[in-house]
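The structure appears right after this line, and notes come after that.
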Amino acid sequence: MNFTIIDYTAFALWIVISIIISFILVRKFKLFGGNKNVQKALTWGLILGHLIYLVWKYIFLLVI
């Protein structure tokens with residue numbers, strides 16, 4: 001509806017940023033034991049969190 005190329009670009013960049021953040025936190029700092037499955041879960045959590053934000057924005061724009 002009122003999504004722009006900036007919204008889609010931000011989401012695409014957030015996917016890359018999520019992978020990098022989870023790699024740094026889990027692998028480099030050994031957060032959560034440094035397990036690869038934890039890294040995947042953290043990455044998916046960050047991506048889904050941003051996706052939920054986009055859904056919330058869409059619903060909010062429909063209300064307005």
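Identifiers for the structure tokens are assigned positionally: chains receive A, B, ... in sequence, residues are indexed from 1 per chain, and ligands are indexed from 1 in the order shown.
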
DSSP alpha helix (DSSP H) residues within chain A, listed as number ranges by chain: A: 5-22, 36-63

Please produce a file of those selected residues containing C-alpha atoms, as a compact mmCIF listing (two decimals), in the first residue's frame.
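Result written to part_12.txt:
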# COMPACT_ATOMS: atom_id res chain seq x y z
CA ILE A 5 11.48 1.03 -2.22
CA ILE A 6 13.15 2.28 0.96
CA ASP A 7 11.07 -0.13 3.06
CA TYR A 8 11.99 -3.07 0.87
CA THR A 9 15.64 -2.07 0.74
CA ALA A 10 15.75 -1.67 4.51
CA PHE A 11 14.31 -5.16 4.93
CA ALA A 12 16.87 -6.64 2.52
CA LEU A 13 19.69 -4.88 4.35
CA TRP A 14 18.28 -6.03 7.68
CA ILE A 15 18.58 -9.65 6.54
CA VAL A 16 22.29 -9.15 5.88
CA ILE A 17 22.75 -7.21 9.13
CA SER A 18 20.95 -9.97 11.08
CA ILE A 19 23.31 -12.60 9.72
CA ILE A 20 26.34 -10.49 10.62
CA ILE A 21 25.03 -9.65 14.11
CA SER A 22 24.26 -13.27 14.91
CA LYS A 36 25.59 -22.98 14.98
CA ASN A 37 21.92 -23.81 15.66
CA VAL A 38 21.75 -20.91 18.09
CA GLN A 39 23.22 -18.66 15.41
CA LYS A 40 20.48 -19.74 12.97
CA ALA A 41 17.77 -19.23 15.59
CA LEU A 42 19.06 -15.75 16.43
CA THR A 43 19.24 -14.83 12.75
CA TRP A 44 15.67 -16.00 12.11
CA GLY A 45 14.48 -14.21 15.24
CA LEU A 46 15.97 -10.93 14.10
CA ILE A 47 14.54 -11.31 10.59
CA LEU A 48 11.08 -12.31 11.82
CA GLY A 49 11.10 -9.44 14.30
CA HIS A 50 11.61 -6.99 11.46
CA LEU A 51 8.97 -8.75 9.37
CA ILE A 52 6.49 -8.38 12.23
CA TYR A 53 7.31 -4.68 12.30
CA LEU A 54 6.49 -4.42 8.59
CA VAL A 55 3.16 -6.20 9.13
CA TRP A 56 2.39 -3.83 12.01
CA LYS A 57 3.23 -0.87 9.77
CA TYR A 58 0.91 -2.19 7.05
CA ILE A 59 -1.96 -2.63 9.53
CA PHE A 60 -1.31 0.82 11.00
CA LEU A 61 -1.41 2.37 7.51
CA LEU A 62 -4.73 0.64 6.85
CA VAL A 63 -6.18 2.10 10.04
